[in-house]
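Everything below belongs to entry-v8.csv, which stores CSV, C-alpha atoms.
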chain,number,residue,atom,x,y,z
A,1087,MET,CA,5.4,13.5,-12.0
A,1088,ASP,CA,4.9,12.5,-15.5
A,1089,ILE,CA,2.7,9.5,-16.4
A,1090,MET,CA,5.6,8.2,-18.6
A,1091,GLN,CA,7.9,8.0,-15.6
A,1092,ILE,CA,5.3,6.1,-13.6
A,1093,VAL,CA,4.7,3.6,-16.4
A,1094,ALA,CA,8.4,3.1,-16.9
A,1095,LEU,CA,8.8,2.6,-13.1
A,1096,GLY,CA,6.1,0.0,-13.1
A,1097,ILE,CA,7.6,-1.9,-16.0
A,1098,ILE,CA,11.1,-1.8,-14.5
A,1099,GLY,CA,9.7,-3.0,-11.2
A,1100,ALA,CA,7.7,-5.8,-12.8
A,1101,ILE,CA,10.8,-7.0,-14.8
A,1102,MET,CA,13.0,-6.9,-11.7
A,1103,ALA,CA,10.4,-8.7,-9.6
A,1104,THR,CA,10.1,-11.4,-12.2
A,1105,ILE,CA,13.8,-11.9,-12.3
A,1106,LEU,CA,14.0,-12.0,-8.5
A,1107,LYS,CA,11.1,-14.4,-8.1
A,1108,GLU,CA,13.1,-17.2,-9.6
A,1109,TYR,CA,15.8,-17.0,-7.0
A,1110,LYS,CA,14.2,-15.4,-3.9
A,1111,PRO,CA,10.4,-14.9,-4.0
A,1112,GLU,CA,10.4,-13.0,-0.7
A,1113,TYR,CA,12.4,-10.2,-2.2
A,1114,ALA,CA,10.1,-10.0,-5.2
A,1115,ILE,CA,7.2,-9.3,-2.8
A,1116,GLN,CA,9.0,-6.6,-1.0
A,1117,LEU,CA,10.1,-5.1,-4.3
A,1118,SER,CA,6.5,-5.0,-5.5
A,1119,ILE,CA,5.5,-3.3,-2.2
A,1120,VAL,CA,8.1,-0.6,-2.7
A,1121,ALA,CA,7.2,0.0,-6.3
A,1122,GLY,CA,3.5,0.4,-5.4
A,1123,LEU,CA,4.4,2.7,-2.5
A,1124,VAL,CA,6.7,4.9,-4.6
A,1125,ILE,CA,4.1,5.3,-7.3
A,1126,PHE,CA,1.4,6.1,-4.7
A,1127,ILE,CA,3.5,8.6,-2.8
A,1128,SER,CA,4.4,10.4,-6.0
A,1129,ILE,CA,0.7,10.9,-7.0
A,1130,LEU,CA,-0.4,12.0,-3.5
A,1131,GLY,CA,0.5,15.6,-4.2
A,1132,LYS,CA,-1.8,15.9,-7.2
A,1133,PHE,CA,-4.6,14.2,-5.3
A,1134,ASN,CA,-4.2,16.6,-2.4
A,1135,GLN,CA,-4.7,19.6,-4.8
A,1136,VAL,CA,-7.9,18.0,-6.2
A,1137,LEU,CA,-9.1,17.3,-2.6
A,1138,GLU,CA,-8.6,20.9,-1.6
A,1139,VAL,CA,-10.7,22.2,-4.5
A,1140,LEU,CA,-13.5,19.7,-3.7
A,1141,LYS,CA,-13.4,20.7,-0.1
A,1142,GLY,CA,-13.6,24.3,-1.0
A,1143,TYR,CA,-16.7,23.7,-3.1
A,1144,ALA,CA,-18.3,21.5,-0.4
A,1145,ILE,CA,-17.9,24.4,2.1
A,1146,LYS,CA,-19.3,26.9,-0.5
A,1147,ALA,CA,-22.3,24.7,-1.2
A,1148,ASP,CA,-23.0,24.5,2.5
A,1149,ILE,CA,-22.8,20.7,2.7
A,1150,ASP,CA,-22.4,19.3,6.2
A,1151,ILE,CA,-18.7,18.8,6.7
A,1152,LEU,CA,-19.5,15.5,8.4
A,1153,TYR,CA,-20.6,13.9,5.1
A,1154,PHE,CA,-17.6,15.1,3.2
A,1155,SER,CA,-15.1,13.9,5.8
A,1156,THR,CA,-17.0,10.6,6.0
A,1157,ILE,CA,-16.6,10.1,2.3
A,1158,LEU,CA,-12.9,11.0,2.5
A,1159,LYS,CA,-12.4,8.5,5.3
A,1160,ILE,CA,-14.2,5.8,3.3
A,1161,VAL,CA,-11.9,6.4,0.3
A,1162,GLY,CA,-8.8,6.2,2.5
A,1163,ILE,CA,-9.9,3.0,4.2
A,1164,ALA,CA,-10.8,1.5,0.8
A,1165,TYR,CA,-7.4,2.4,-0.6
A,1166,ILE,CA,-5.4,1.1,2.3
A,1167,THR,CA,-7.4,-2.1,2.5
A,1168,GLU,CA,-7.0,-2.7,-1.2
A,1169,PHE,CA,-3.2,-2.1,-0.9
A,1170,GLY,CA,-2.8,-4.6,2.0
A,1171,ALA,CA,-5.1,-7.2,0.4
A,1172,GLN,CA,-3.3,-7.0,-2.9
A,1173,ILE,CA,0.1,-7.5,-1.2
A,1174,CYS,CA,-1.3,-10.6,0.6
A,1175,ARG,CA,-2.7,-11.9,-2.6
A,1176,ASP,CA,0.6,-11.4,-4.4
A,1177,ALA,CA,2.3,-13.4,-1.7
A,1178,GLY,CA,-0.1,-16.2,-2.3
A,1179,GLU,CA,-2.1,-15.8,0.9
A,1180,SER,CA,-5.5,-15.1,-0.6
A,1181,SER,CA,-7.3,-16.2,2.6
A,1182,ILE,CA,-5.6,-13.5,4.6
A,1183,ALA,CA,-6.4,-11.0,1.8
A,1184,THR,CA,-10.0,-11.9,2.0
A,1185,LYS,CA,-10.0,-11.3,5.8
A,1186,VAL,CA,-8.3,-7.9,5.3
A,1187,GLU,CA,-11.0,-7.0,2.8
A,1188,LEU,CA,-13.7,-8.1,5.2
A,1189,ALA,CA,-12.2,-5.9,7.9
A,1190,GLY,CA,-12.2,-3.0,5.5
A,1191,LYS,CA,-15.8,-3.5,4.6
A,1192,VAL,CA,-16.9,-3.7,8.3
A,1193,LEU,CA,-14.9,-0.6,9.2
A,1194,ILE,CA,-16.5,1.3,6.3
A,1195,MET,CA,-19.9,0.2,7.4
A,1196,ALA,CA,-19.2,1.4,11.0
A,1197,ILE,CA,-18.0,4.8,9.7
A,1198,ALA,CA,-21.0,5.3,7.5
A,1199,VAL,CA,-23.4,4.8,10.5
A,1200,PRO,CA,-24.1,8.5,11.0
A,1201,ILE,CA,-25.2,8.8,7.4
A,1202,TYR,CA,-27.5,5.8,7.7
A,1203,ALA,CA,-28.9,7.3,10.9
A,1204,ALA,CA,-29.6,10.6,9.1
A,1205,LEU,CA,-31.4,8.8,6.3
A,1206,PHE,CA,-33.5,6.6,8.6
A,1207,ASP,CA,-34.4,9.7,10.6
A,1208,ILE,CA,-35.7,11.4,7.5
A,1209,ILE,CA,-37.6,8.3,6.5
A,1210,LEU,CA,-39.2,8.0,9.9
A,1211,LYS,CA,-40.1,11.7,9.8
A,1212,ILE,CA,-41.8,11.2,6.5
A,1213,MET,CA,-43.8,8.2,7.5
A,1214,PRO,CA,-47.1,9.0,9.2
B,811,MET,CA,10.4,9.9,-5.3
B,812,ASP,CA,13.0,7.4,-4.2
B,813,VAL,CA,13.3,5.0,-7.1
B,814,ASN,CA,16.7,4.0,-5.8
B,815,LEU,CA,15.0,1.9,-3.2
B,816,ILE,CA,13.6,-0.4,-5.8
B,817,PHE,CA,17.1,-0.9,-7.4
B,818,LYS,CA,18.6,-1.4,-4.0
B,819,ILE,CA,16.1,-4.2,-3.1
B,820,ALA,CA,16.7,-5.9,-6.4
B,821,ALA,CA,20.4,-5.7,-6.0
B,822,ILE,CA,20.3,-7.0,-2.4
B,823,GLY,CA,18.1,-9.9,-3.6
B,824,ILE,CA,20.5,-10.9,-6.4
B,825,VAL,CA,23.5,-10.6,-4.1
B,826,ILE,CA,21.9,-12.7,-1.4
B,827,ALA,CA,20.8,-15.3,-3.9
B,828,VAL,CA,24.4,-15.6,-5.2
B,829,LEU,CA,25.8,-15.7,-1.7
B,830,ASN,CA,23.3,-18.3,-0.8
B,831,ASN,CA,24.3,-20.5,-3.7
B,832,VAL,CA,28.0,-20.2,-3.0
B,833,LEU,CA,27.6,-21.0,0.7
B,834,ILE,CA,25.4,-24.0,0.0
B,835,ARG,CA,27.8,-25.3,-2.6
B,836,SER,CA,30.7,-25.0,-0.1
B,837,GLY,CA,28.7,-27.0,2.4
B,838,ARG,CA,27.8,-24.3,4.9
B,839,GLU,CA,24.0,-24.5,5.0
B,840,GLU,CA,23.7,-22.7,8.4
B,841,MET,CA,25.7,-19.7,7.1
B,842,ALA,CA,23.5,-19.6,4.0
B,843,MET,CA,20.4,-19.6,6.2
B,844,MET,CA,21.9,-16.7,8.3
B,845,THR,CA,22.6,-14.6,5.2
B,846,THR,CA,19.1,-15.1,3.9
B,847,LEU,CA,17.7,-14.0,7.2
B,848,THR,CA,19.9,-11.0,7.5
B,849,GLY,CA,19.1,-9.9,4.0
B,850,ILE,CA,15.4,-10.2,4.6
B,851,VAL,CA,15.7,-8.1,7.8
B,852,VAL,CA,17.7,-5.4,6.1
B,853,VAL,CA,15.2,-5.1,3.3
B,854,LEU,CA,12.3,-5.2,5.7
B,855,MET,CA,13.8,-2.2,7.6
B,856,MET,CA,13.9,-0.2,4.4
B,857,VAL,CA,10.3,-1.2,3.5
B,858,ILE,CA,8.9,-0.5,6.9
B,859,SER,CA,9.9,3.2,6.9
B,860,LEU,CA,8.2,3.6,3.5
B,861,ILE,CA,5.1,1.9,4.7
B,862,SER,CA,4.9,4.0,7.8
B,863,LYS,CA,5.3,7.1,5.6
B,864,LEU,CA,2.4,5.9,3.4
B,865,PHE,CA,0.2,5.3,6.5
B,866,ASP,CA,1.0,8.7,7.9
B,867,THR,CA,0.2,10.5,4.6
B,868,VAL,CA,-3.0,8.7,4.1
B,869,ARG,CA,-4.1,9.3,7.7
B,870,THR,CA,-3.5,13.0,7.5
B,871,MET,CA,-5.0,13.3,4.0
B,872,PHE,CA,-8.2,11.4,4.6
B,873,GLN,CA,-8.5,12.5,8.3
B,874,LEU,CA,-8.7,8.9,9.5

Could you render the structure as structure tokens?
Amino acid sequence: MDIMQIVALGIIGAIMATILKEYKPEYAIQLSIVAGLVIFISILGKFNQVLEVLKGYAIKADIDILYFSTILKIVGIAYITEFGAQICRDAGESSIATKVELAGKVLIMAIAVPIYAALFDIILKIMP
Amino acid sequence: MDVNLIFKIAAIGIVIAVLNNVLIRSGREEMAMMTTLTGIVVVLMMVISLISKLFDTVRTMFQL
């Protein structure tokens, strides 16, 4: 997937959404959702390759797999949350978008608890 | 990479808007309402499959 194609897709989507917004705003929102999804799905393959390399190095460096998968999960939650919140904001519902973002933050905090726990264990061990 | 979906949604939106105008001009507001609703449902069906695909790929990739 070339970057030129993605940029062209974004511009075409933006133009069509602007035209549609005058007549039927609800279709403009769905069109922008689809444009975002198509772009994201087209770059997923590349991202997967990078992820495999990173995972290989994490295993080679003998890093606990728990930390690596936690970071991955956090990135996934952050992306999905941003996606949903941005759609809500485009539709003019910024209060719902704020709640979605809050939920994402809380979930990230809950997932990161094992890392906090390890850090606090180390601190407690160091303290006399 | 299904760019066709974007064009499809734009086309459906324009067609529904035209239909809506024609129906309202000819004094059939309830029919216009029905066409709008049907168009939204049709587009939503297309979008939902794509959204579920996105969620599945993200879930498998990030091991959520």

Using only C-alpha atoms, determine which residues lie at most 8 Å from Ala1164 of chain A, disregarding the query and same-chain residues fewer than 3 positions distant; provide the list as a VMD selection string.
chain A and resid 1160 to 1161 1167 to 1168 1190 1194

Show me, as number ranges by chain, the residues that have an atom within 10 Å of Ile1092 of chain A when counting only C-alpha atoms, minus same-chain residues fewer than 6 positions from it.
A: 1098, 1121, 1124-1126, 1128-1129

To one decimal in Å, tell me the separation between atom CA of Met856 of chain B and atom CA of Leu815 of chain B.
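These atoms are spaced 8.0 Å apart.
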
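Residues within 12 Å of Val813 of chain B, counting all atoms listed in the file and excluding same-chain residues fewer than 5 positions away, are A:Gln1091, A:Ile1092, A:Ala1094, A:Leu1095, A:Gly1096, A:Ile1098, A:Gly1099, A:Leu1117, A:Val1120, A:Ala1121, A:Gly1122, A:Leu1123, A:Val1124, A:Ile1125, A:Ile1127, A:Ser1128, B:Lys818, B:Ile819, B:Ala820, B:Leu860.
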
Would you mind reading off the distance between atom CA of Pro1111 of chain A and atom CA of Ala1177 of chain A, one decimal, in Å?
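Atom CA of Pro1111 of chain A sits 8.6 Å away from atom CA of Ala1177 of chain A.
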
Pull out every residue of chain A sitting within 6 Å of chain B, counting only C-alpha atoms, and send them as a list of chain:residue names.
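Using only C-alpha atoms, chain A residues at most 6 Å from chain B: A:Tyr1113, A:Leu1158, A:Lys1159, A:Gly1162.
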
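Between atom CA of Gly1170 of chain A and atom CA of Met1102 of chain A the interatomic distance comes to 21.0 Å.
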
Mind listing as number ranges by chain all residues within 12 Å of (-2.8, -5.0, -0.1), counting only C-alpha atoms?
A: 1115-1116, 1118-1119, 1122-1123, 1163-1180, 1182-1187, 1190; B: 861
